[in-house]
>>> print(open('protein29.pdb').read())   # PDB, C-alpha atoms and all ligand atoms
ATOM      1  CA  MET A  10     -76.953 -18.151-118.609  1.00  0.00           C
ATOM      2  CA  LYS A  11     -80.726 -17.851-118.714  1.00  0.00           C
ATOM      3  CA  THR A  12     -82.213 -20.818-120.520  1.00  0.00           C
ATOM      4  CA  THR A  13     -85.787 -19.525-120.965  1.00  0.00           C
ATOM      5  CA  THR A  14     -86.769 -17.768-124.166  1.00  0.00           C
ATOM      6  CA  ASP A  15     -90.279 -16.415-123.475  1.00  0.00           C
ATOM      7  CA  ASN A  16     -91.003 -12.914-122.245  1.00  0.00           C
ATOM      8  CA  LYS A  17     -92.362 -13.841-118.838  1.00  0.00           C
ATOM      9  CA  LYS A  18     -91.603 -11.670-115.862  1.00  0.00           C
ATOM     10  CA  ARG A  19     -90.002 -13.925-113.279  1.00  0.00           C
ATOM     11  CA  ILE A  20     -90.362 -12.669-109.730  1.00  0.00           C
ATOM     12  CA  LEU A  21     -88.962 -14.325-106.617  1.00  0.00           C
ATOM     13  CA  PHE A  22     -90.045 -13.087-103.171  1.00  0.00           C
ATOM     14  CA  ILE A  23     -87.585 -13.534-100.313  1.00  0.00           C
ATOM     15  CA  CYS A  24     -87.893 -13.439 -96.528  1.00  0.00           C
ATOM     16  CA  LEU A  25     -86.065 -15.143 -93.688  1.00  0.00           C
ATOM     17  CA  GLY A  26     -88.080 -18.319 -93.144  1.00  0.00           C
ATOM     18  CA  ASN A  27     -90.333 -18.545 -96.257  1.00  0.00           C
ATOM     19  CA  ILE A  28     -93.296 -19.323 -94.018  1.00  0.00           C
ATOM     20  CA  CYS A  29     -94.817 -15.864 -93.358  1.00  0.00           C
ATOM     21  CA  ARG A  30     -94.021 -12.849 -95.540  1.00  0.00           C
ATOM     22  CA  SER A  31     -92.641 -14.214 -98.814  1.00  0.00           C
ATOM     23  CA  PRO A  32     -95.226 -16.993 -99.310  1.00  0.00           C
ATOM     24  CA  ALA A  33     -97.898 -14.359 -98.584  1.00  0.00           C
ATOM     25  CA  ALA A  34     -96.379 -12.004-101.173  1.00  0.00           C
ATOM     26  CA  HIS A  35     -96.185 -14.927-103.610  1.00  0.00           C
ATOM     27  CA  ALA A  36     -99.910 -15.699-103.131  1.00  0.00           C
ATOM     28  CA  VAL A  37    -101.018 -12.043-103.232  1.00  0.00           C
ATOM     29  CA  MET A  38     -99.022 -11.349-106.418  1.00  0.00           C
ATOM     30  CA  GLN A  39    -100.314 -14.532-108.068  1.00  0.00           C
ATOM     31  CA  HIS A  40    -103.883 -13.532-107.116  1.00  0.00           C
ATOM     32  CA  MET A  41    -103.470 -10.024-108.580  1.00  0.00           C
ATOM     33  CA  VAL A  42    -101.906 -11.385-111.756  1.00  0.00           C
ATOM     34  CA  ASP A  43    -104.645 -14.027-112.182  1.00  0.00           C
ATOM     35  CA  GLU A  44    -107.372 -11.465-111.489  1.00  0.00           C
ATOM     36  CA  ARG A  45    -106.035  -9.312-114.323  1.00  0.00           C
ATOM     37  CA  GLY A  46    -105.770 -12.229-116.777  1.00  0.00           C
ATOM     38  CA  LEU A  47    -101.966 -11.943-116.838  1.00  0.00           C
ATOM     39  CA  SER A  48    -101.055 -15.428-115.581  1.00  0.00           C
ATOM     40  CA  SER A  49     -99.261 -16.426-118.777  1.00  0.00           C
ATOM     41  CA  GLN A  50     -96.986 -13.385-118.481  1.00  0.00           C
ATOM     42  CA  TYR A  51     -95.609 -14.142-115.032  1.00  0.00           C
ATOM     43  CA  GLU A  52     -93.715 -16.772-113.109  1.00  0.00           C
ATOM     44  CA  ILE A  53     -93.897 -16.147-109.377  1.00  0.00           C
ATOM     45  CA  ASP A  54     -92.129 -18.003-106.597  1.00  0.00           C
ATOM     46  CA  SER A  55     -90.818 -17.463-103.069  1.00  0.00           C
ATOM     47  CA  ALA A  56     -87.914 -18.715-100.996  1.00  0.00           C
ATOM     48  CA  GLY A  57     -86.310 -18.258 -97.610  1.00  0.00           C
ATOM     49  CA  ILE A  58     -82.808 -17.306 -96.587  1.00  0.00           C
ATOM     50  CA  GLY A  59     -82.807 -19.972 -93.882  1.00  0.00           C
ATOM     51  CA  GLY A  60     -83.566 -23.643 -94.364  1.00  0.00           C
ATOM     52  CA  TRP A  61     -85.353 -24.334 -91.063  1.00  0.00           C
ATOM     53  CA  HIS A  62     -88.814 -24.763 -92.583  1.00  0.00           C
ATOM     54  CA  ILE A  63     -88.037 -26.468 -95.911  1.00  0.00           C
ATOM     55  CA  GLY A  64     -91.067 -28.378 -97.194  1.00  0.00           C
ATOM     56  CA  GLN A  65     -93.452 -26.874 -94.654  1.00  0.00           C
ATOM     57  CA  LEU A  66     -96.688 -25.056 -95.425  1.00  0.00           C
ATOM     58  CA  PRO A  67     -96.813 -21.384 -94.363  1.00  0.00           C
ATOM     59  CA  ASP A  68     -97.388 -20.385 -90.745  1.00  0.00           C
ATOM     60  CA  LYS A  69    -101.002 -21.125 -89.755  1.00  0.00           C
ATOM     61  CA  ARG A  70    -101.572 -17.517 -88.645  1.00  0.00           C
ATOM     62  CA  MET A  71    -100.488 -16.137 -92.014  1.00  0.00           C
ATOM     63  CA  ARG A  72    -102.612 -18.699 -93.837  1.00  0.00           C
ATOM     64  CA  GLU A  73    -105.666 -17.689 -91.786  1.00  0.00           C
ATOM     65  CA  HIS A  74    -105.146 -13.936 -92.118  1.00  0.00           C
ATOM     66  CA  GLY A  75    -104.581 -14.331 -95.856  1.00  0.00           C
ATOM     67  CA  ASN A  76    -107.576 -16.601 -96.243  1.00  0.00           C
ATOM     68  CA  ARG A  77    -109.816 -13.902 -94.758  1.00  0.00           C
ATOM     69  CA  ARG A  78    -108.705 -11.592 -97.557  1.00  0.00           C
ATOM     70  CA  GLY A  79    -109.287 -14.251-100.228  1.00  0.00           C
ATOM     71  CA  TYR A  80    -105.711 -15.495-100.668  1.00  0.00           C
ATOM     72  CA  ARG A  81    -104.722 -19.143-100.638  1.00  0.00           C
ATOM     73  CA  ILE A  82    -101.229 -19.103 -99.132  1.00  0.00           C
ATOM     74  CA  ASP A  83    -100.038 -22.659 -99.656  1.00  0.00           C
ATOM     75  CA  HIS A  84     -96.469 -22.571-100.937  1.00  0.00           C
ATOM     76  CA  HIS A  85     -94.128 -25.215 -99.512  1.00  0.00           C
ATOM     77  CA  ALA A  86     -91.055 -23.548 -98.067  1.00  0.00           C
ATOM     78  CA  ARG A  87     -87.761 -23.756 -99.910  1.00  0.00           C
ATOM     79  CA  GLN A  88     -84.370 -22.164 -99.404  1.00  0.00           C
ATOM     80  CA  PHE A  89     -82.887 -19.537-101.723  1.00  0.00           C
ATOM     81  CA  ASP A  90     -80.249 -21.120-103.964  1.00  0.00           C
ATOM     82  CA  SER A  91     -77.806 -18.594-105.415  1.00  0.00           C
ATOM     83  CA  SER A  92     -76.547 -21.127-107.936  1.00  0.00           C
ATOM     84  CA  VAL A  93     -79.882 -21.173-109.788  1.00  0.00           C
ATOM     85  CA  ASP A  94     -82.137 -18.365-108.519  1.00  0.00           C
ATOM     86  CA  PHE A  95     -80.069 -15.401-109.742  1.00  0.00           C
ATOM     87  CA  ASP A  96     -80.271 -16.801-113.272  1.00  0.00           C
ATOM     88  CA  ARG A  97     -83.838 -18.012-113.146  1.00  0.00           C
ATOM     89  CA  PHE A  98     -85.472 -14.782-111.918  1.00  0.00           C
ATOM     90  CA  ASP A  99     -85.590 -11.238-113.295  1.00  0.00           C
ATOM     91  CA  HIS A 100     -86.511  -9.601-110.001  1.00  0.00           C
ATOM     92  CA  ILE A 101     -85.698 -10.791-106.492  1.00  0.00           C
ATOM     93  CA  ILE A 102     -87.884  -8.887-104.050  1.00  0.00           C
ATOM     94  CA  VAL A 103     -86.752  -8.857-100.421  1.00  0.00           C
ATOM     95  CA  MET A 104     -88.881  -7.963 -97.408  1.00  0.00           C
ATOM     96  CA  ASP A 105     -86.335  -6.131 -95.224  1.00  0.00           C
ATOM     97  CA  GLU A 106     -82.780  -4.835 -94.962  1.00  0.00           C
ATOM     98  CA  ASP A 107     -81.401  -8.009 -93.399  1.00  0.00           C
ATOM     99  CA  ASN A 108     -82.762  -9.931 -96.378  1.00  0.00           C
ATOM    100  CA  PHE A 109     -81.239  -7.327 -98.734  1.00  0.00           C
ATOM    101  CA  ARG A 110     -77.803  -7.612 -97.154  1.00  0.00           C
ATOM    102  CA  ASN A 111     -77.907 -11.399 -97.121  1.00  0.00           C
ATOM    103  CA  ILE A 112     -79.036 -11.845-100.731  1.00  0.00           C
ATOM    104  CA  THR A 113     -76.796  -9.140-102.208  1.00  0.00           C
ATOM    105  CA  SER A 114     -73.818 -10.665-100.346  1.00  0.00           C
ATOM    106  CA  GLN A 115     -74.406 -13.828-102.382  1.00  0.00           C
ATOM    107  CA  THR A 116     -74.181 -12.049-105.736  1.00  0.00           C
ATOM    108  CA  THR A 117     -71.068 -12.434-107.823  1.00  0.00           C
ATOM    109  CA  ASP A 118     -71.787  -9.850-110.494  1.00  0.00           C
ATOM    110  CA  GLU A 119     -73.547  -6.538-111.006  1.00  0.00           C
ATOM    111  CA  LYS A 120     -76.259  -8.053-113.229  1.00  0.00           C
ATOM    112  CA  ALA A 121     -77.389 -10.298-110.365  1.00  0.00           C
ATOM    113  CA  ARG A 122     -76.990  -7.485-107.829  1.00  0.00           C
ATOM    114  CA  ALA A 123     -79.332  -5.253-109.870  1.00  0.00           C
ATOM    115  CA  LYS A 124     -82.088  -7.865-109.675  1.00  0.00           C
ATOM    116  CA  VAL A 125     -82.365  -7.522-105.889  1.00  0.00           C
ATOM    117  CA  LEU A 126     -85.008  -4.955-104.946  1.00  0.00           C
ATOM    118  CA  ARG A 127     -86.753  -4.024-101.710  1.00  0.00           C
ATOM    119  CA  MET A 128     -90.523  -4.544-101.432  1.00  0.00           C
ATOM    120  CA  ALA A 129     -90.642  -1.091 -99.803  1.00  0.00           C
ATOM    121  CA  ASP A 130     -89.500   0.461-103.101  1.00  0.00           C
ATOM    122  CA  PHE A 131     -92.955  -0.365-104.470  1.00  0.00           C
ATOM    123  CA  PHE A 132     -95.115   1.004-101.638  1.00  0.00           C
ATOM    124  CA  THR A 133     -97.395   3.877-102.568  1.00  0.00           C
ATOM    125  CA  GLU A 134     -99.934   3.809 -99.736  1.00  0.00           C
ATOM    126  CA  HIS A 135     -97.307   3.496 -96.970  1.00  0.00           C
ATOM    127  CA  PRO A 136     -94.729   6.110 -98.006  1.00  0.00           C
ATOM    128  CA  HIS A 137     -93.003   6.071 -94.605  1.00  0.00           C
ATOM    129  CA  ALA A 138     -92.655   2.295 -94.306  1.00  0.00           C
ATOM    130  CA  THR A 139     -89.167   1.019 -95.118  1.00  0.00           C
ATOM    131  CA  CYS A 140     -89.735  -2.743 -95.004  1.00  0.00           C
ATOM    132  CA  VAL A 141     -92.271  -5.513 -94.403  1.00  0.00           C
ATOM    133  CA  PRO A 142     -91.584  -6.264 -90.709  1.00  0.00           C
ATOM    134  CA  ASP A 143     -91.390  -9.898 -89.643  1.00  0.00           C
ATOM    135  CA  PRO A 144     -94.691 -10.840 -87.934  1.00  0.00           C
ATOM    136  CA  TYR A 145     -93.430 -14.261 -86.745  1.00  0.00           C
ATOM    137  CA  TYR A 146     -92.990 -13.239 -83.097  1.00  0.00           C
ATOM    138  CA  GLY A 147     -95.901 -10.798 -83.198  1.00  0.00           C
ATOM    139  CA  GLY A 148     -99.673 -10.875 -82.927  1.00  0.00           C
ATOM    140  CA  SER A 149    -102.701 -10.453 -85.153  1.00  0.00           C
ATOM    141  CA  ALA A 150    -102.044  -6.780 -85.888  1.00  0.00           C
ATOM    142  CA  ASP A 151     -98.549  -7.623 -87.128  1.00  0.00           C
ATOM    143  CA  PHE A 152     -99.900 -10.172 -89.600  1.00  0.00           C
ATOM    144  CA  GLU A 153    -102.512  -7.655 -90.800  1.00  0.00           C
ATOM    145  CA  LEU A 154     -99.843  -4.967 -91.242  1.00  0.00           C
ATOM    146  CA  ALA A 155     -97.637  -7.399 -93.173  1.00  0.00           C
ATOM    147  CA  LEU A 156    -100.548  -8.174 -95.511  1.00  0.00           C
ATOM    148  CA  ASP A 157    -101.410  -4.468 -95.946  1.00  0.00           C
ATOM    149  CA  LEU A 158     -97.804  -3.732 -96.920  1.00  0.00           C
ATOM    150  CA  ILE A 159     -97.577  -6.800 -99.151  1.00  0.00           C
ATOM    151  CA  GLU A 160    -100.765  -5.817-101.028  1.00  0.00           C
ATOM    152  CA  ASP A 161     -99.400  -2.301-101.470  1.00  0.00           C
ATOM    153  CA  GLY A 162     -96.036  -3.589-102.737  1.00  0.00           C
ATOM    154  CA  CYS A 163     -97.590  -6.132-105.092  1.00  0.00           C
ATOM    155  CA  ARG A 164     -99.822  -3.476-106.676  1.00  0.00           C
ATOM    156  CA  GLY A 165     -96.657  -1.458-107.303  1.00  0.00           C
ATOM    157  CA  LEU A 166     -94.848  -4.486-108.697  1.00  0.00           C
ATOM    158  CA  LEU A 167     -97.528  -4.908-111.376  1.00  0.00           C
ATOM    159  CA  THR A 168     -96.044  -1.807-113.037  1.00  0.00           C
ATOM    160  CA  LEU A 169     -92.535  -3.307-113.283  1.00  0.00           C
TER     161      LEU A 169
HETATM  162  P1  LIG B 201     -90.709 -15.035 -92.408  1.00  0.00           P
HETATM  163  O1  LIG B 201     -90.872 -15.176 -90.814  1.00  0.00           O
HETATM  164  O2  LIG B 201     -89.249 -14.668 -92.650  1.00  0.00           O
HETATM  165  O3  LIG B 201     -91.635 -13.932 -92.777  1.00  0.00           O
HETATM  166  O4  LIG B 201     -91.082 -16.387 -92.982  1.00  0.00           O
HETATM  167  C1  LIG B 201     -90.056 -16.022 -90.055  1.00  0.00           C
HETATM  168  C2  LIG B 201     -90.411 -17.334 -89.916  1.00  0.00           C
HETATM  169  C3  LIG B 201     -89.622 -18.192 -89.158  1.00  0.00           C
HETATM  170  C4  LIG B 201     -88.490 -17.709 -88.537  1.00  0.00           C
HETATM  171  C5  LIG B 201     -88.136 -16.380 -88.691  1.00  0.00           C
HETATM  172  C6  LIG B 201     -88.923 -15.535 -89.456  1.00  0.00           C
HETATM  173  N1  LIG B 201     -87.711 -18.565 -87.733  1.00  0.00           N
HETATM  174  O5  LIG B 201     -86.753 -18.092 -87.118  1.00  0.00           O
HETATM  175  O6  LIG B 201     -88.011 -19.774 -87.661  1.00  0.00           O
END
>>> encode(input="protein29.pdb", output="structure tokens")
Amino acid sequence: MKTTTDNKKRILFICLGNICRSPAAHAVMQHMVDERGLSSQYEIDSAGIGGWHIGQLPDKRMREHGNRRGYRIDHHARQFDSSVDFDRFDHIIVMDEDNFRNITSQTTDEKARAKVLRMADFFTEHPHATCVPDPYYGGSADFELALDLIEDGCRGLLTL
């Protein structure tokens, strides 16, 4: 049962490691919300499916690419916890299909299942993109593409 009584929108971004895409989405969304004076209306967080990087700052490359666009990407990685996160958040936004399958497989009821949405559902400037691809094993252009897609998705999410 949800224990909070305010009307905040609670959004959790999910990726595999919580060191590249989801902490970037977390920072971009927080920046957009702050810029619009909406901070009190949102709670934003991010988490990873895997626990390999728990406690770590985001990948240095993502921090640098984000920093160039004015984002401070400084979340400390944590692992998704189905026992609390399905209750705590209204929307759980996943970066790709693997994430979608993993998170929905942890749901026990339809209410939780309906909270899991794909970032790609909110793209308007990249109508043919179906996910935010993992840049971890890629180069500079992959980090830039991830940020382009994340900015596009976050703008869409503001209308939720
Ligand atoms: P992310 O990228 O899911 O966007 O944080 C990854 C980071 C680390 C690993 C995989 C993806 N890893 O296997 O360690």
>>> residues_around(input="protein29.pdb", residues="Glu160 in chain A", least_positions_apart="4", cutoff="8 Å", atoms="all atoms listed in the file", output="PyMOL selection string")
chain A and resi 34+37-38+156+164
>>> resolve_selection(input="protein29.pdb", expression="the PyMOL selection byres (((not hetatm)) within 6 of (chain B and resi 201))", output="ChimeraX atom specification")
/A:24-30,143,145
>>> resolve_selection(input="protein29.pdb", expression="the PyMOL selection byres (((chain A and resi 149) around 12) and not hetatm)", output="ChimeraX atom specification")
/A:69-75,144-148,150-156
>>> closest_atom_pairs(input="protein29.pdb", of="range 39-123 of chain A", to="range 18-23 of chain A", cutoff="6 Å", atoms="all atoms listed in the file", output="Markdown table")
| residue | atom | partner | partner_atom | distance |
| --- | --- | --- | --- | --- |
| A:Tyr51 | CA | A:Lys18 | CA | 4.8 |
| A:Glu52 | CA | A:Arg19 | CA | 4.7 |
| A:Ile53 | CA | A:Ile20 | CA | 5.0 |
| A:Asp54 | CA | A:Leu21 | CA | 4.9 |
| A:Ser55 | CA | A:Phe22 | CA | 4.4 |
| A:Ala56 | CA | A:Ile23 | CA | 5.2 |
| A:Gly57 | CA | A:Ile23 | CA | 5.6 |
| A:Phe98 | CA | A:Arg19 | CA | 4.8 |
| A:Asp99 | CA | A:Arg19 | CA | 5.2 |
| A:His100 | CA | A:Ile20 | CA | 4.9 |
| A:Ile101 | CA | A:Leu21 | CA | 4.8 |
| A:Ile102 | CA | A:Phe22 | CA | 4.8 |
| A:Val103 | CA | A:Ile23 | CA | 4.8 |
>>> write_last_selection(input="protein29.pdb", atoms="C-alpha atoms", output="compact mmCIF listing (two decimals), keeping the file's coordinate frame")
# COMPACT_ATOMS: atom_id res chain seq x y z
CA TYR A 51 -95.61 -14.14 -115.03
CA GLU A 52 -93.72 -16.77 -113.11
CA ILE A 53 -93.90 -16.15 -109.38
CA ASP A 54 -92.13 -18.00 -106.60
CA SER A 55 -90.82 -17.46 -103.07
CA ALA A 56 -87.91 -18.72 -101.00
CA GLY A 57 -86.31 -18.26 -97.61
CA PHE A 98 -85.47 -14.78 -111.92
CA ASP A 99 -85.59 -11.24 -113.30
CA HIS A 100 -86.51 -9.60 -110.00
CA ILE A 101 -85.70 -10.79 -106.49
CA ILE A 102 -87.88 -8.89 -104.05
CA VAL A 103 -86.75 -8.86 -100.42
>>> closest_residue(input="protein29.pdb", among="A:Gly46, A:Ser91, A:His84, A:Met128", to="Asn111 in chain A", atoms="only C-alpha atoms")
A:Ser91
>>> atom_distance(input="protein29.pdb", atom1="CA of Ala86 in chain A", atom2="CA of Leu47 in chain A")
24.6 Å
>>> atom_distance(input="protein29.pdb", atom1="CA of Gln88 in chain A", atom2="CA of Ala36 in chain A")
17.2 Å
>>> resolve_selection(input="protein29.pdb", expression="the PyMOL selection byres (((chain A and resi 163) around 10) and not hetatm)", output="ChimeraX atom specification")
/A:34-35,37-42,128,131-132,158-162,164-168
>>> closest_residue(input="protein29.pdb", among="A:Asp105, A:Asp15, A:Glu44, A:Asp96", to="Lys120 in chain A", atoms="only C-alpha atoms")
A:Asp96
>>> closest_residue(input="protein29.pdb", among="A:Pro142, A:Pro67, A:Gly59, A:Pro136", to="Ile82 in chain A", atoms="all atoms listed in the file")
A:Pro67
>>> closest_residue(input="protein29.pdb", among="A:Asp157, A:Cys140, A:Ile58, A:His85", to="Ser114 in chain A", atoms="only C-alpha atoms")
A:Ile58
>>> decode(input="protein29.pdb", residues="range 109-125 of chain A", atoms="N, CA and C atoms", output="short mmCIF file (atom, residue, chain, number, x, y, z; two decimals), in the first residue's frame")
data_model
loop_
_atom_site.label_atom_id
_atom_site.label_comp_id
_atom_site.auth_asym_id
_atom_site.auth_seq_id
_atom_site.Cartn_x
_atom_site.Cartn_y
_atom_site.Cartn_z
N PHE A 109 12.38 -3.97 -19.97
CA PHE A 109 10.91 -4.12 -19.86
C PHE A 109 10.55 -5.54 -19.43
N ARG A 110 11.19 -6.50 -20.10
CA ARG A 110 10.90 -7.91 -19.77
C ARG A 110 11.30 -8.22 -18.33
N ASN A 111 12.48 -7.74 -17.94
CA ASN A 111 12.97 -8.05 -16.59
C ASN A 111 12.05 -7.45 -15.52
N ILE A 112 11.73 -6.16 -15.67
CA ILE A 112 10.93 -5.50 -14.63
C ILE A 112 9.50 -6.02 -14.61
N THR A 113 8.89 -6.22 -15.79
CA THR A 113 7.51 -6.72 -15.77
C THR A 113 7.46 -8.15 -15.22
N SER A 114 8.54 -8.91 -15.39
CA SER A 114 8.54 -10.29 -14.85
C SER A 114 8.57 -10.28 -13.32
N GLN A 115 8.90 -9.15 -12.73
CA GLN A 115 8.92 -9.06 -11.27
C GLN A 115 7.60 -8.55 -10.69
N THR A 116 6.64 -8.24 -11.56
CA THR A 116 5.37 -7.71 -11.06
C THR A 116 4.48 -8.86 -10.61
N THR A 117 3.67 -8.60 -9.61
CA THR A 117 2.77 -9.64 -9.12
C THR A 117 1.31 -9.28 -9.38
N ASP A 118 1.07 -8.06 -9.84
CA ASP A 118 -0.32 -7.69 -10.11
C ASP A 118 -0.38 -6.69 -11.26
N GLU A 119 -1.56 -6.53 -11.80
CA GLU A 119 -1.76 -5.70 -12.99
C GLU A 119 -1.51 -4.22 -12.69
N LYS A 120 -1.79 -3.80 -11.46
CA LYS A 120 -1.56 -2.38 -11.10
C LYS A 120 -0.07 -2.06 -11.24
N ALA A 121 0.77 -2.94 -10.74
CA ALA A 121 2.22 -2.73 -10.84
C ALA A 121 2.66 -2.83 -12.29
N ARG A 122 2.13 -3.80 -13.01
CA ARG A 122 2.49 -4.03 -14.41
C ARG A 122 2.20 -2.77 -15.24
N ALA A 123 1.10 -2.09 -14.95
CA ALA A 123 0.69 -0.91 -15.72
C ALA A 123 1.60 0.29 -15.47
N LYS A 124 2.39 0.23 -14.40
CA LYS A 124 3.30 1.34 -14.12
C LYS A 124 4.56 1.30 -14.99
N VAL A 125 4.83 0.16 -15.60
CA VAL A 125 6.08 -0.03 -16.34
C VAL A 125 5.88 0.43 -17.78
#
